[in-house]
$ cat entry_38.txt   # compact mmCIF, C-alpha atoms
# COMPACT_ATOMS: atom_id res chain seq x y z
CA MET Q 1 134.54 149.65 79.10
CA GLN Q 2 137.61 147.89 77.75
CA ALA Q 3 139.29 148.97 74.53
CA LEU Q 4 137.51 147.66 71.47
CA PRO Q 5 139.34 145.56 68.86
CA ASP Q 6 139.64 146.64 65.24
CA PHE Q 7 136.38 146.11 63.37
CA LYS Q 8 137.46 143.47 60.87
CA LEU Q 9 134.70 144.05 58.33
CA GLU Q 10 135.14 147.81 58.24
CA THR Q 11 138.93 147.52 58.12
CA HIS Q 12 138.61 145.21 55.13
CA PHE Q 13 136.11 147.53 53.46
CA SER Q 14 138.25 150.59 54.10
CA LYS Q 15 140.93 148.92 51.97
CA TRP Q 16 138.80 147.46 49.20
CA GLU Q 17 135.20 148.76 49.11
CA PHE Q 18 135.89 151.77 46.91
CA LYS Q 19 138.92 150.29 45.15
CA ALA Q 20 137.51 146.99 43.91
CA ARG Q 21 135.81 147.25 40.53
CA TYR Q 22 133.05 144.78 41.37
CA HIS Q 23 131.54 145.05 44.86
CA MET Q 24 129.95 141.60 44.98
CA THR Q 25 129.59 141.28 48.75
CA ALA Q 26 127.37 144.24 49.65
CA SER Q 27 124.76 143.65 52.35
CA ASP Q 28 122.61 146.61 51.36
CA ALA Q 29 120.01 146.74 48.61
CA GLU Q 30 120.38 148.93 45.53
CA SER Q 31 120.44 152.58 46.53
CA MET Q 32 118.94 155.53 44.68
CA THR Q 33 119.67 159.16 43.98
CA MET Q 34 118.30 162.09 45.93
CA ARG Q 35 116.18 162.99 42.93
CA GLU Q 36 114.66 159.50 42.71
CA LEU Q 37 113.69 159.59 46.37
CA LEU Q 38 112.28 163.12 46.21
CA ASP Q 39 110.23 162.14 43.15
CA MET Q 40 108.33 159.80 45.50
CA ALA Q 41 107.51 162.62 47.93
CA SER Q 42 104.15 164.29 48.28
CA ASP Q 43 104.09 168.04 47.69
CA GLU Q 44 103.89 168.56 51.45
CA ASP Q 45 106.83 166.29 52.28
CA ARG Q 46 108.97 167.79 49.52
CA ALA Q 47 108.23 171.29 50.81
CA GLU Q 48 109.20 170.17 54.34
CA PHE Q 49 112.55 169.02 53.00
CA GLU Q 50 113.24 172.10 50.88
CA ASN Q 51 112.21 174.56 53.59
CA LEU Q 52 113.85 172.72 56.48
CA TRP Q 53 115.36 174.83 59.24
CA LEU Q 54 118.88 173.45 59.75
CA GLY Q 55 118.98 173.58 63.52
CA TYR Q 56 119.23 170.81 66.08
CA THR Q 57 116.65 168.04 66.02
CA GLN Q 58 115.09 166.17 68.94
CA THR Q 59 117.28 163.48 70.49
CA PHE Q 60 114.49 160.91 70.32
CA GLY Q 61 113.95 161.75 66.65
CA ALA Q 62 111.39 163.94 64.93
CA PRO Q 63 107.87 163.05 66.15
CA ASP Q 64 106.50 162.53 62.63
CA LEU Q 65 109.47 160.32 61.70
CA ARG Q 66 108.90 158.21 64.80
CA GLU Q 67 105.25 157.90 63.83
CA ALA Q 68 106.26 156.72 60.36
CA ILE Q 69 108.65 154.16 61.86
CA ALA Q 70 106.04 152.96 64.35
CA ALA Q 71 103.58 152.43 61.48
CA THR Q 72 105.83 149.67 60.12
CA TYR Q 73 105.15 147.62 63.29
CA GLU Q 74 101.97 145.95 64.47
CA LYS Q 75 101.80 147.32 68.01
CA GLN Q 76 104.32 150.17 68.35
CA THR Q 77 103.57 153.86 68.75
CA ALA Q 78 105.88 156.85 68.31
CA SER Q 79 106.66 156.78 72.04
CA ASP Q 80 108.18 153.29 71.59
CA ILE Q 81 110.75 154.53 69.06
CA LEU Q 82 114.20 156.01 69.67
CA CYS Q 83 116.14 157.09 66.59
CA PHE Q 84 119.90 156.77 66.14
CA ALA Q 85 122.59 157.77 63.66
CA GLY Q 86 122.52 154.37 61.97
CA ALA Q 87 122.13 150.92 63.49
CA SER Q 88 125.61 150.74 65.02
CA GLU Q 89 124.86 153.57 67.42
CA GLY Q 90 121.75 151.69 68.54
CA ILE Q 91 123.77 148.53 69.16
CA PHE Q 92 126.27 150.52 71.21
CA ALA Q 93 123.56 152.23 73.27
CA ALA Q 94 121.61 149.04 73.97
CA ASN Q 95 124.66 147.11 75.17
CA SER Q 96 125.91 150.05 77.23
CA ILE Q 97 122.60 150.50 79.02
CA ILE Q 98 121.54 146.89 79.58
CA LEU Q 99 124.92 145.45 80.54
CA ASP Q 100 127.45 146.17 83.28
CA LYS Q 101 130.75 144.67 84.43
CA ASP Q 102 128.96 141.96 86.44
CA SER Q 103 126.57 140.88 83.69
CA HIS Q 104 126.64 138.22 81.02
CA ALA Q 105 125.42 138.35 77.42
CA ILE Q 106 124.91 135.73 74.73
CA CYS Q 107 125.25 136.18 70.98
CA VAL Q 108 125.02 133.79 68.05
CA THR Q 109 127.92 133.07 65.70
CA PRO Q 110 128.86 133.87 63.02
CA ASN Q 111 127.77 137.44 63.65
CA TYR Q 112 128.24 141.14 63.03
CA GLN Q 113 131.27 141.89 65.19
CA SER Q 114 129.55 144.54 67.36
CA HIS Q 115 127.25 141.89 68.79
CA GLU Q 116 130.12 140.16 70.56
CA ALA Q 117 132.81 142.85 70.86
CA LEU Q 118 130.63 145.38 72.68
CA PRO Q 119 129.24 143.07 75.39
CA ASN Q 120 132.72 141.60 75.83
CA ALA Q 121 134.14 145.08 76.45
CA ILE Q 122 131.56 145.62 79.21
CA GLY Q 123 131.14 142.29 80.98
CA GLU Q 124 131.17 138.61 80.04
CA VAL Q 125 129.90 137.15 76.80
CA SER Q 126 129.47 133.69 75.35
CA ALA Q 127 128.30 132.49 71.97
CA VAL Q 128 125.95 129.84 70.65
CA PRO Q 129 126.86 128.78 67.09
CA LEU Q 130 124.29 128.52 64.34
CA ASP Q 131 124.31 125.08 62.73
CA PRO Q 132 125.34 125.05 59.03
CA ASN Q 133 123.96 121.52 58.74
CA ASP Q 134 120.55 122.72 59.91
CA ASN Q 135 120.16 125.68 57.55
CA TRP Q 136 122.12 127.85 59.98
CA SER Q 137 119.40 127.49 62.57
CA LEU Q 138 119.62 127.94 66.34
CA ASP Q 139 119.55 125.09 68.83
CA ILE Q 140 117.27 126.37 71.61
CA ASP Q 141 118.55 123.75 74.05
CA ARG Q 142 122.11 125.01 73.55
CA MET Q 143 120.90 128.55 74.12
CA ALA Q 144 119.14 127.50 77.32
CA ALA Q 145 122.29 125.77 78.53
CA ALA Q 146 124.33 128.96 77.94
CA ILE Q 147 122.15 131.08 80.24
CA ARG Q 148 123.66 132.02 83.60
CA PRO Q 149 122.09 133.68 86.65
CA ASN Q 150 123.60 137.01 85.54
CA THR Q 151 122.60 136.79 81.86
CA LYS Q 152 120.91 140.06 80.95
CA LEU Q 153 120.96 140.15 77.15
CA ILE Q 154 120.68 137.79 74.20
CA THR Q 155 121.35 139.16 70.71
CA ILE Q 156 120.14 137.55 67.49
CA ASN Q 157 119.93 138.62 63.84
CA PHE Q 158 117.41 137.18 61.36
CA PRO Q 159 117.53 137.36 58.38
CA HIS Q 160 121.04 136.54 59.42
CA ASN Q 161 124.25 138.25 58.42
CA PRO Q 162 126.12 136.67 56.65
CA THR Q 163 124.05 133.57 55.81
CA GLY Q 164 120.60 135.02 55.02
CA ALA Q 165 118.99 132.36 57.23
CA ILE Q 166 115.67 133.00 58.96
CA LEU Q 167 114.93 131.20 62.21
CA PRO Q 168 111.87 128.92 62.05
CA LEU Q 169 108.91 130.57 63.77
CA ASP Q 170 108.53 127.85 66.41
CA ARG Q 171 112.17 128.21 67.47
CA TYR Q 172 111.81 131.99 67.54
CA GLN Q 173 108.78 131.68 69.81
CA ALA Q 174 110.66 129.19 72.01
CA LEU Q 175 113.57 131.63 72.31
CA ILE Q 176 111.22 134.43 73.36
CA GLU Q 177 109.63 132.20 76.00
CA LEU Q 178 113.10 131.28 77.25
CA CYS Q 179 113.98 134.98 77.59
CA ARG Q 180 110.65 135.70 79.29
CA LYS Q 181 111.22 132.90 81.79
CA HIS Q 182 114.59 134.35 82.83
CA GLY Q 183 113.73 138.04 82.42
CA ILE Q 184 116.38 138.50 79.73
CA TYR Q 185 116.35 141.32 77.19
CA LEU Q 186 116.33 140.14 73.57
CA LEU Q 187 117.98 142.45 71.06
CA HIS Q 188 116.91 141.41 67.58
CA ASP Q 189 118.93 142.94 64.76
CA GLU Q 190 116.10 143.11 62.21
CA ILE Q 191 117.74 145.40 59.68
CA PHE Q 192 117.07 142.97 56.80
CA ASN Q 193 113.39 142.46 57.61
CA GLY Q 194 111.27 142.90 54.47
CA LEU Q 195 114.13 142.04 52.10
CA GLY Q 196 114.42 138.74 50.27
CA PRO Q 197 113.27 136.71 47.29
CA ALA Q 198 109.59 136.42 46.43
CA GLY Q 199 107.67 134.48 49.06
CA THR Q 200 110.06 135.21 51.93
CA LYS Q 201 108.31 134.82 55.28
CA HIS Q 202 109.83 137.15 57.84
CA LEU Q 203 109.60 136.77 61.60
CA PRO Q 204 107.39 139.06 63.69
CA TYR Q 205 109.22 142.07 65.07
CA VAL Q 206 110.43 141.21 68.56
CA ALA Q 207 109.19 144.54 69.98
CA ASP Q 208 105.66 143.52 68.97
CA VAL Q 209 105.75 140.11 70.64
CA TYR Q 210 108.00 140.48 73.69
CA GLU Q 211 107.87 143.07 76.45
CA ARG Q 212 111.67 143.01 76.79
CA GLY Q 213 112.34 142.82 73.08
CA LEU Q 214 114.40 145.48 71.31
CA SER Q 215 113.84 145.72 67.56
CA LEU Q 216 116.82 147.24 65.75
CA GLY Q 217 115.98 148.86 62.41
CA VAL Q 218 117.75 151.08 59.91
CA MET Q 219 117.26 152.72 56.52
CA SER Q 220 120.54 151.24 55.24
CA LYS Q 221 119.85 147.63 54.31
CA SER Q 222 116.32 146.68 53.19
CA TYR Q 223 115.64 150.22 51.97
CA GLY Q 224 119.05 150.64 50.35
CA LEU Q 225 119.58 154.10 51.86
CA PRO Q 226 122.72 153.87 54.01
CA GLY Q 227 123.67 157.46 53.21
CA LEU Q 228 120.80 158.72 55.33
CA ARG Q 229 122.37 157.34 58.54
CA ILE Q 230 118.99 156.88 60.21
CA GLY Q 231 118.42 153.89 62.49
CA TRP Q 232 116.20 153.16 65.46
CA ILE Q 233 115.23 150.83 68.27
CA ALA Q 234 111.59 149.99 68.96
CA CYS Q 235 110.87 148.75 72.48
CA GLN Q 236 107.92 148.52 74.87
CA ASP Q 237 110.21 149.21 77.86
CA ALA Q 238 109.98 152.98 78.35
CA GLU Q 239 112.69 152.99 81.03
CA ILE Q 240 115.24 151.34 78.72
CA LEU Q 241 114.38 153.77 75.93
CA SER Q 242 114.81 156.72 78.28
CA LYS Q 243 118.22 155.48 79.43
CA MET Q 244 119.35 154.94 75.84
CA GLU Q 245 118.19 158.45 74.95
CA ARG Q 246 120.40 159.84 77.71
CA MET Q 247 123.28 157.69 76.44
CA LYS Q 248 122.74 159.23 72.99
CA HIS Q 249 123.57 162.62 74.55
CA TYR Q 250 127.18 161.37 74.64
CA LEU Q 251 127.04 160.03 71.08
CA SER Q 252 125.38 161.76 68.12
CA ILE Q 253 123.08 163.88 70.36
CA ALA Q 254 120.61 164.25 67.49
CA ASN Q 255 120.06 162.99 63.97
CA SER Q 256 120.56 164.93 60.76
CA GLY Q 257 117.46 167.01 60.01
CA PRO Q 258 117.63 166.53 56.22
CA SER Q 259 118.08 162.78 56.71
CA GLU Q 260 115.00 162.66 58.93
CA ARG Q 261 112.89 164.32 56.21
CA LEU Q 262 114.22 161.93 53.56
CA ALA Q 263 113.73 158.88 55.79
CA LYS Q 264 110.11 159.87 56.35
CA ILE Q 265 109.58 160.07 52.58
CA ALA Q 266 111.13 156.62 52.13
CA LEU Q 267 109.04 155.08 54.91
CA LYS Q 268 105.84 156.49 53.42
CA ASN Q 269 106.89 154.71 50.20
CA ARG Q 270 108.02 151.57 52.02
CA ASP Q 271 106.02 149.08 49.93
CA LYS Q 272 107.23 150.57 46.66
CA ILE Q 273 110.89 150.62 47.70
CA LEU Q 274 110.87 147.10 49.15
CA ALA Q 275 109.12 145.75 46.04
CA ARG Q 276 111.78 147.36 43.86
CA ASN Q 277 114.63 145.95 45.94
CA CYS Q 278 113.14 142.47 46.22
CA ALA Q 279 112.61 142.43 42.44
CA ILE Q 280 116.36 142.97 41.98
CA ILE Q 281 116.97 139.96 44.23
CA ASP Q 282 114.56 137.85 42.18
CA GLU Q 283 116.45 138.87 39.05
CA ASN Q 284 119.89 138.15 40.52
CA LEU Q 285 119.39 134.87 42.38
CA PRO Q 286 118.82 132.68 39.29
CA LYS Q 287 122.08 134.03 37.89
CA TRP Q 288 123.93 132.82 40.97
CA ASP Q 289 122.09 129.48 40.75
CA ALA Q 290 123.33 129.02 37.19
CA PHE Q 291 126.83 130.24 38.00
CA PHE Q 292 127.45 127.86 40.88
CA ALA Q 293 125.87 124.98 38.96
CA ARG Q 294 128.82 125.29 36.56
CA TYR Q 295 131.37 124.90 39.39
CA PRO Q 296 130.10 122.17 41.74
CA ASP Q 297 133.65 121.07 42.57
CA LEU Q 298 134.61 124.54 43.81
CA PHE Q 299 131.51 125.82 45.59
CA GLU Q 300 128.70 124.64 47.82
CA TRP Q 301 125.80 127.00 47.15
CA ARG Q 302 122.70 127.23 49.29
CA ARG Q 303 119.97 129.74 48.54
CA PRO Q 304 119.35 131.95 51.58
CA ASP Q 305 115.95 132.36 53.22
CA GLY Q 306 115.97 136.16 53.10
CA SER Q 307 118.05 139.34 52.91
CA CYS Q 308 120.40 139.92 49.95
CA MET Q 309 123.36 137.86 51.18
CA ALA Q 310 124.56 134.28 51.16
CA PHE Q 311 127.45 132.47 52.83
CA VAL Q 312 129.03 130.21 50.21
CA ARG Q 313 131.40 127.35 50.97
CA TYR Q 314 134.62 127.34 48.95
CA LYS Q 315 136.16 123.91 48.31
CA GLY Q 316 139.30 124.90 46.40
CA PRO Q 317 142.69 123.62 47.56
CA GLU Q 318 144.24 127.02 48.39
CA GLY Q 319 141.53 127.90 50.92
CA VAL Q 320 139.02 130.72 50.98
CA GLU Q 321 141.36 133.43 52.29
CA ALA Q 322 143.84 133.07 49.43
CA PHE Q 323 140.96 132.66 46.99
CA ALA Q 324 139.31 135.91 48.05
CA GLN Q 325 142.62 137.80 48.11
CA ASN Q 326 143.62 136.66 44.63
CA LEU Q 327 140.15 137.37 43.29
CA VAL Q 328 140.07 141.00 44.36
CA GLU Q 329 143.69 141.67 43.40
CA GLU Q 330 143.60 140.00 40.00
CA ALA Q 331 139.98 140.45 38.88
CA GLY Q 332 138.71 143.32 41.03
CA VAL Q 333 135.90 141.14 42.46
CA LEU Q 334 135.28 141.73 46.16
CA PHE Q 335 133.94 139.11 48.55
CA LEU Q 336 134.21 138.81 52.34
CA PRO Q 337 136.23 135.76 53.41
CA ALA Q 338 135.34 133.75 56.51
CA SER Q 339 138.04 135.38 58.65
CA ILE Q 340 135.90 138.51 58.81
CA TYR Q 341 133.36 136.48 60.80
CA ALA Q 342 135.79 134.56 63.00
CA SER Q 343 134.69 134.73 66.63
CA SER Q 344 136.67 134.94 69.86
CA PHE Q 345 134.08 132.73 71.55
CA GLY Q 346 134.05 129.58 69.47
CA ASN Q 347 134.87 128.10 66.12
CA THR Q 348 133.12 129.41 63.04
CA PRO Q 349 133.29 127.92 59.52
CA ALA Q 350 136.63 128.90 57.98
CA ASP Q 351 135.86 127.89 54.40
CA HIS Q 352 133.02 130.27 53.47
CA PHE Q 353 132.71 133.71 51.91
CA ARG Q 354 129.89 136.24 51.86
CA LEU Q 355 128.39 137.41 48.61
CA GLY Q 356 125.65 139.96 48.01
CA PHE Q 357 122.95 140.04 45.37
CA GLY Q 358 120.81 143.06 46.20
CA ARG Q 359 122.33 145.48 43.71
CA SER Q 360 121.82 146.01 40.00
CA GLY Q 361 124.52 145.42 37.39
CA LEU Q 362 125.47 141.91 38.49
CA ASP Q 363 126.32 140.59 35.01
CA GLU Q 364 129.63 142.43 34.57
CA GLY Q 365 130.92 141.22 37.92
CA LEU Q 366 129.81 137.66 37.20
CA SER Q 367 131.67 137.74 33.90
CA ALA Q 368 134.85 138.92 35.63
CA PHE Q 369 134.46 136.22 38.29
CA ASP Q 370 133.89 133.54 35.66
CA ALA Q 371 136.89 134.66 33.62
CA HIS Q 372 139.09 134.57 36.71
CA LEU Q 373 138.07 131.01 37.52
CA LYS Q 374 138.71 129.89 33.96
CA ARG Q 375 142.14 131.53 33.87
CA ASN Q 376 143.15 129.87 37.10
CA SER Q 377 141.90 126.43 36.11
CA LYS Q 378 144.37 126.13 33.22
$ encode --input "entry_38.txt" --output "structure tokens"
Amino acid sequence: MQALPDFKLETHFSKWEFKARYHMTASDAESMTMRELLDMASDEDRAEFENLWLGYTQTFGAPDLREAIAATYEKQTASDILCFAGASEGIFAANSIILDKDSHAICVTPNYQSHEALPNAIGEVSAVPLDPNDNWSLDIDRMAAAIRPNTKLITINFPHNPTGAILPLDRYQALIELCRKHGIYLLHDEIFNGLGPAGTKHLPYVADVYERGLSLGVMSKSYGLPGLRIGWIACQDAEILSKMERMKHYLSIANSGPSERLAKIALKNRDKILARNCAIIDENLPKWDAFFARYPDLFEWRRPDGSCMAFVRYKGPEGVEAFAQNLVEEAGVLFLPASIYASSFGNTPADHFRLGFGRSGLDEGLSAFDAHLKRNSK
């Protein structure tokens, strides 16, 4: 594997995430305290947590946790689940096992950097851009044209980071049939599934509908519990799961036992937690609607299909990079400028920024943002 480049998003966050006063670009839903989560636990589950033996855990993940994860799918069982220390470890393992130096992978752009940097460090990679003029959708014909004889993996992410777009169901089904025709693995980053405004229609989990589909999940985003560091891949292909489990022996080896107990509690309260987080989105989105309606000359705002993120076009004369830099330095308001999502494999929109709306307490940040714009318009 070649050396990996700096991770632009994490480098940016390492500088600003805990320094900026208003974190307005978060991709995770509102988190909760340990006490709030334990208050949801049954007496039995709470006792399991409090009396936990702090030894090693199973590399695949605790059997009862895997059962709880499998229950969120239509057709998966515990044997189809492999747990990881967050989603990033799963992305690393999947690419490392499926790809080799002679293989080719395809990702969509813009994207989470791992989805292009990792396959590029192993073999060859190319990208198919999502179309901003078609609600950030995917052209299946362009994807078909990008396939080579040695293409082994296609990676997608819907609801999409950073745009919040969800692929129309017919295009999703067409993509799966395309992968099936060529025997290509389809890694679907589904970490925002279940999160979005009222009425959001999410896609079926790829592991449920495709025999070579890998469903990537995590407690971080839709559940708002990134501190647990529990992720997983669901897959019908037992051989791929076994190989990834052996790869995990070189990575985290095993998950945190306390985190496994807490993740099980959260999953057993899945409906309650998702309803809470989606209600925050429903409260916040109209505020963004009203905000951007006041500044039509500066911003092009499009409501996302799902997740708690949007990719907003900035039309100001200084450009989005200077805008975002000045905003965080002068007003303490943090957004992610388009450069974070620039790709090595094709042009991506350079005039957008990512904002988040899945956390409580939006009003104070909006006021600071508004005041900054008014100061700079004089």
$ atom_distance --input "entry_38.txt" --atom1 "CA of Leu262 in chain Q" --atom2 "CA of Phe18 in chain Q"
24.8 Å
$ closest_residue --input "entry_38.txt" --among "Q:Gly86, Q:Gly217, Q:Gly224, Q:Gly346" --to "Arg276 in chain Q" --atoms "all atoms listed in the file"
Q:Gly224
$ atom_distance --input "entry_38.txt" --atom1 "CA of Cys179 in chain Q" --atom2 "CA of Asn193 in chain Q"
21.3 Å
$ atom_distance --input "entry_38.txt" --atom1 "CA of Leu38 in chain Q" --atom2 "CA of Ile191 in chain Q"
22.9 Å
$ residues_around --input "entry_38.txt" --residues "Met1 in chain Q" --least-positions-apart "3" --cutoff "9 Å" --atoms "only C-alpha atoms" --output "JSON list (two decimals) with C-alpha atoms, in the coordinates of the input"
[["chain", "number", "residue", "atom", "x", "y", "z"],
["Q", 4, "LEU", "CA", 137.51, 147.66, 71.47],
["Q", 96, "SER", "CA", 125.91, 150.05, 77.23],
["Q", 100, "ASP", "CA", 127.45, 146.17, 83.28],
["Q", 101, "LYS", "CA", 130.75, 144.67, 84.43],
["Q", 118, "LEU", "CA", 130.63, 145.38, 72.68],
["Q", 120, "ASN", "CA", 132.72, 141.60, 75.83],
["Q", 121, "ALA", "CA", 134.14, 145.08, 76.45],
["Q", 122, "ILE", "CA", 131.56, 145.62, 79.21],
["Q", 123, "GLY", "CA", 131.14, 142.29, 80.98]]
$ closest_residue --input "entry_38.txt" --among "Q:Asp139, Q:Thr151, Q:Gly194, Q:Asn284" --to "Ala174 in chain Q" --atoms "only C-alpha atoms"
Q:Asp139
$ residues_around --input "entry_38.txt" --residues "range 248-257 of chain Q" --least-positions-apart "3" --cutoff "12 Å" --atoms "all atoms listed in the file" --output "VMD selection string"
chain Q and resid 48 to 62 65 82 to 86 88 to 94 96 to 97 227 to 232 241 to 245 260 to 264
$ write_last_selection --input "entry_38.txt" --atoms "C-alpha atoms" --output "compact mmCIF listing (two decimals), in the frame of the given file"
# COMPACT_ATOMS: atom_id res chain seq x y z
CA GLU Q 48 109.20 170.17 54.34
CA PHE Q 49 112.55 169.02 53.00
CA GLU Q 50 113.24 172.10 50.88
CA ASN Q 51 112.21 174.56 53.59
CA LEU Q 52 113.85 172.72 56.48
CA TRP Q 53 115.36 174.83 59.24
CA LEU Q 54 118.88 173.45 59.75
CA GLY Q 55 118.98 173.58 63.52
CA TYR Q 56 119.23 170.81 66.08
CA THR Q 57 116.65 168.04 66.02
CA GLN Q 58 115.09 166.17 68.94
CA THR Q 59 117.28 163.48 70.49
CA PHE Q 60 114.49 160.91 70.32
CA GLY Q 61 113.95 161.75 66.65
CA ALA Q 62 111.39 163.94 64.93
CA LEU Q 65 109.47 160.32 61.70
CA LEU Q 82 114.20 156.01 69.67
CA CYS Q 83 116.14 157.09 66.59
CA PHE Q 84 119.90 156.77 66.14
CA ALA Q 85 122.59 157.77 63.66
CA GLY Q 86 122.52 154.37 61.97
CA SER Q 88 125.61 150.74 65.02
CA GLU Q 89 124.86 153.57 67.42
CA GLY Q 90 121.75 151.69 68.54
CA ILE Q 91 123.77 148.53 69.16
CA PHE Q 92 126.27 150.52 71.21
CA ALA Q 93 123.56 152.23 73.27
CA ALA Q 94 121.61 149.04 73.97
CA SER Q 96 125.91 150.05 77.23
CA ILE Q 97 122.60 150.50 79.02
CA GLY Q 227 123.67 157.46 53.21
CA LEU Q 228 120.80 158.72 55.33
CA ARG Q 229 122.37 157.34 58.54
CA ILE Q 230 118.99 156.88 60.21
CA GLY Q 231 118.42 153.89 62.49
CA TRP Q 232 116.20 153.16 65.46
CA LEU Q 241 114.38 153.77 75.93
CA SER Q 242 114.81 156.72 78.28
CA LYS Q 243 118.22 155.48 79.43
CA MET Q 244 119.35 154.94 75.84
CA GLU Q 245 118.19 158.45 74.95
CA GLU Q 260 115.00 162.66 58.93
CA ARG Q 261 112.89 164.32 56.21
CA LEU Q 262 114.22 161.93 53.56
CA ALA Q 263 113.73 158.88 55.79
CA LYS Q 264 110.11 159.87 56.35
$ residues_around --input "entry_38.txt" --residues "Leu334 in chain Q" --least-positions-apart "4" --cutoff "10 Å" --atoms "all atoms listed in the file" --output "PDB file with C-alpha atoms, keeping the file's coordinate frame"
ATOM      1  CA  PHE Q  13     136.110 147.530  53.460  1.00  0.00           C
ATOM      2  CA  TRP Q  16     138.800 147.460  49.200  1.00  0.00           C
ATOM      3  CA  GLU Q  17     135.200 148.760  49.110  1.00  0.00           C
ATOM      4  CA  LYS Q  19     138.920 150.290  45.150  1.00  0.00           C
ATOM      5  CA  ALA Q  20     137.510 146.990  43.910  1.00  0.00           C
ATOM      6  CA  ARG Q  21     135.810 147.250  40.530  1.00  0.00           C
ATOM      7  CA  TYR Q  22     133.050 144.780  41.370  1.00  0.00           C
ATOM      8  CA  HIS Q  23     131.540 145.050  44.860  1.00  0.00           C
ATOM      9  CA  MET Q  24     129.950 141.600  44.980  1.00  0.00           C
ATOM     10  CA  THR Q  25     129.590 141.280  48.750  1.00  0.00           C
ATOM     11  CA  ALA Q  26     127.370 144.240  49.650  1.00  0.00           C
ATOM     12  CA  ALA Q 324     139.310 135.910  48.050  1.00  0.00           C
ATOM     13  CA  GLN Q 325     142.620 137.800  48.110  1.00  0.00           C
ATOM     14  CA  ASN Q 326     143.620 136.660  44.630  1.00  0.00           C
ATOM     15  CA  LEU Q 327     140.150 137.370  43.290  1.00  0.00           C
ATOM     16  CA  VAL Q 328     140.070 141.000  44.360  1.00  0.00           C
ATOM     17  CA  GLU Q 329     143.690 141.670  43.400  1.00  0.00           C
ATOM     18  CA  ARG Q 354     129.890 136.240  51.860  1.00  0.00           C
ATOM     19  CA  LEU Q 355     128.390 137.410  48.610  1.00  0.00           C
ATOM     20  CA  GLY Q 356     125.650 139.960  48.010  1.00  0.00           C
ATOM     21  CA  GLY Q 365     130.920 141.220  37.920  1.00  0.00           C
ATOM     22  CA  PHE Q 369     134.460 136.220  38.290  1.00  0.00           C
TER      23      PHE Q 369
END
$ residues_near_point --input "entry_38.txt" --point "(125.6, 139.5, 56.0)" --cutoff "12 Å" --atoms "only C-alpha atoms" --output "MDAnalysis selection string"
chainID Q and resid 9 25:29 109:113 157:165 189:192 221 304 306:312 335:338 340:341 353:358
$ residues_around --input "entry_38.txt" --residues "Gly199 in chain Q" --least-positions-apart "3" --cutoff "10 Å" --atoms "all atoms listed in the file" --output "VMD selection string"
chain Q and resid 196 202 305 to 306
$ write_last_selection --input "entry_38.txt" --atoms "C-alpha atoms" --output "PDB file, keeping the file's coordinate frame"
ATOM      1  CA  GLY Q 196     114.420 138.740  50.270  1.00  0.00           C
ATOM      2  CA  HIS Q 202     109.830 137.150  57.840  1.00  0.00           C
ATOM      3  CA  ASP Q 305     115.950 132.360  53.220  1.00  0.00           C
ATOM      4  CA  GLY Q 306     115.970 136.160  53.100  1.00  0.00           C
TER       5      GLY Q 306
END
$ residues_around --input "entry_38.txt" --residues "Met143 in chain Q" --least-positions-apart "3" --cutoff "10 Å" --atoms "only C-alpha atoms" --output "list in words"
Ile106, Cys107, Val108, Ala127, Val128, Pro129, Leu138, Asp139, Ile140, Ala146, Ile147, Ile154, Leu175 and Leu178 of chain Q
$ write_last_selection --input "entry_38.txt" --atoms "C-alpha atoms" --output "mmCIF file, keeping the file's coordinate frame"
data_model
loop_
_atom_site.group_PDB
_atom_site.id
_atom_site.type_symbol
_atom_site.label_atom_id
_atom_site.label_comp_id
_atom_site.auth_asym_id
_atom_site.auth_seq_id
_atom_site.Cartn_x
_atom_site.Cartn_y
_atom_site.Cartn_z
ATOM 1 C CA ILE Q 106 124.910 135.730 74.730
ATOM 2 C CA CYS Q 107 125.250 136.180 70.980
ATOM 3 C CA VAL Q 108 125.020 133.790 68.050
ATOM 4 C CA ALA Q 127 128.300 132.490 71.970
ATOM 5 C CA VAL Q 128 125.950 129.840 70.650
ATOM 6 C CA PRO Q 129 126.860 128.780 67.090
ATOM 7 C CA LEU Q 138 119.620 127.940 66.340
ATOM 8 C CA ASP Q 139 119.550 125.090 68.830
ATOM 9 C CA ILE Q 140 117.270 126.370 71.610
ATOM 10 C CA ALA Q 146 124.330 128.960 77.940
ATOM 11 C CA ILE Q 147 122.150 131.080 80.240
ATOM 12 C CA ILE Q 154 120.680 137.790 74.200
ATOM 13 C CA LEU Q 175 113.570 131.630 72.310
ATOM 14 C CA LEU Q 178 113.100 131.280 77.250
#
$ closest_residue --input "entry_38.txt" --among "Q:Ala266, Q:Ala322, Q:Ala342, Q:Ala198" --to "Met34 in chain Q" --atoms "only C-alpha atoms"
Q:Ala266
$ closest_residue --input "entry_38.txt" --among "Q:Ser114, Q:Tyr185, Q:Glu211, Q:Leu298" --to "Glu318 in chain Q" --atoms "only C-alpha atoms"
Q:Leu298
$ closest_residue --input "entry_38.txt" --among "Q:Thr72, Q:Ser367, Q:Gln2, Q:Thr77" --to "Lys287 in chain Q" --atoms "all atoms listed in the file"
Q:Ser367
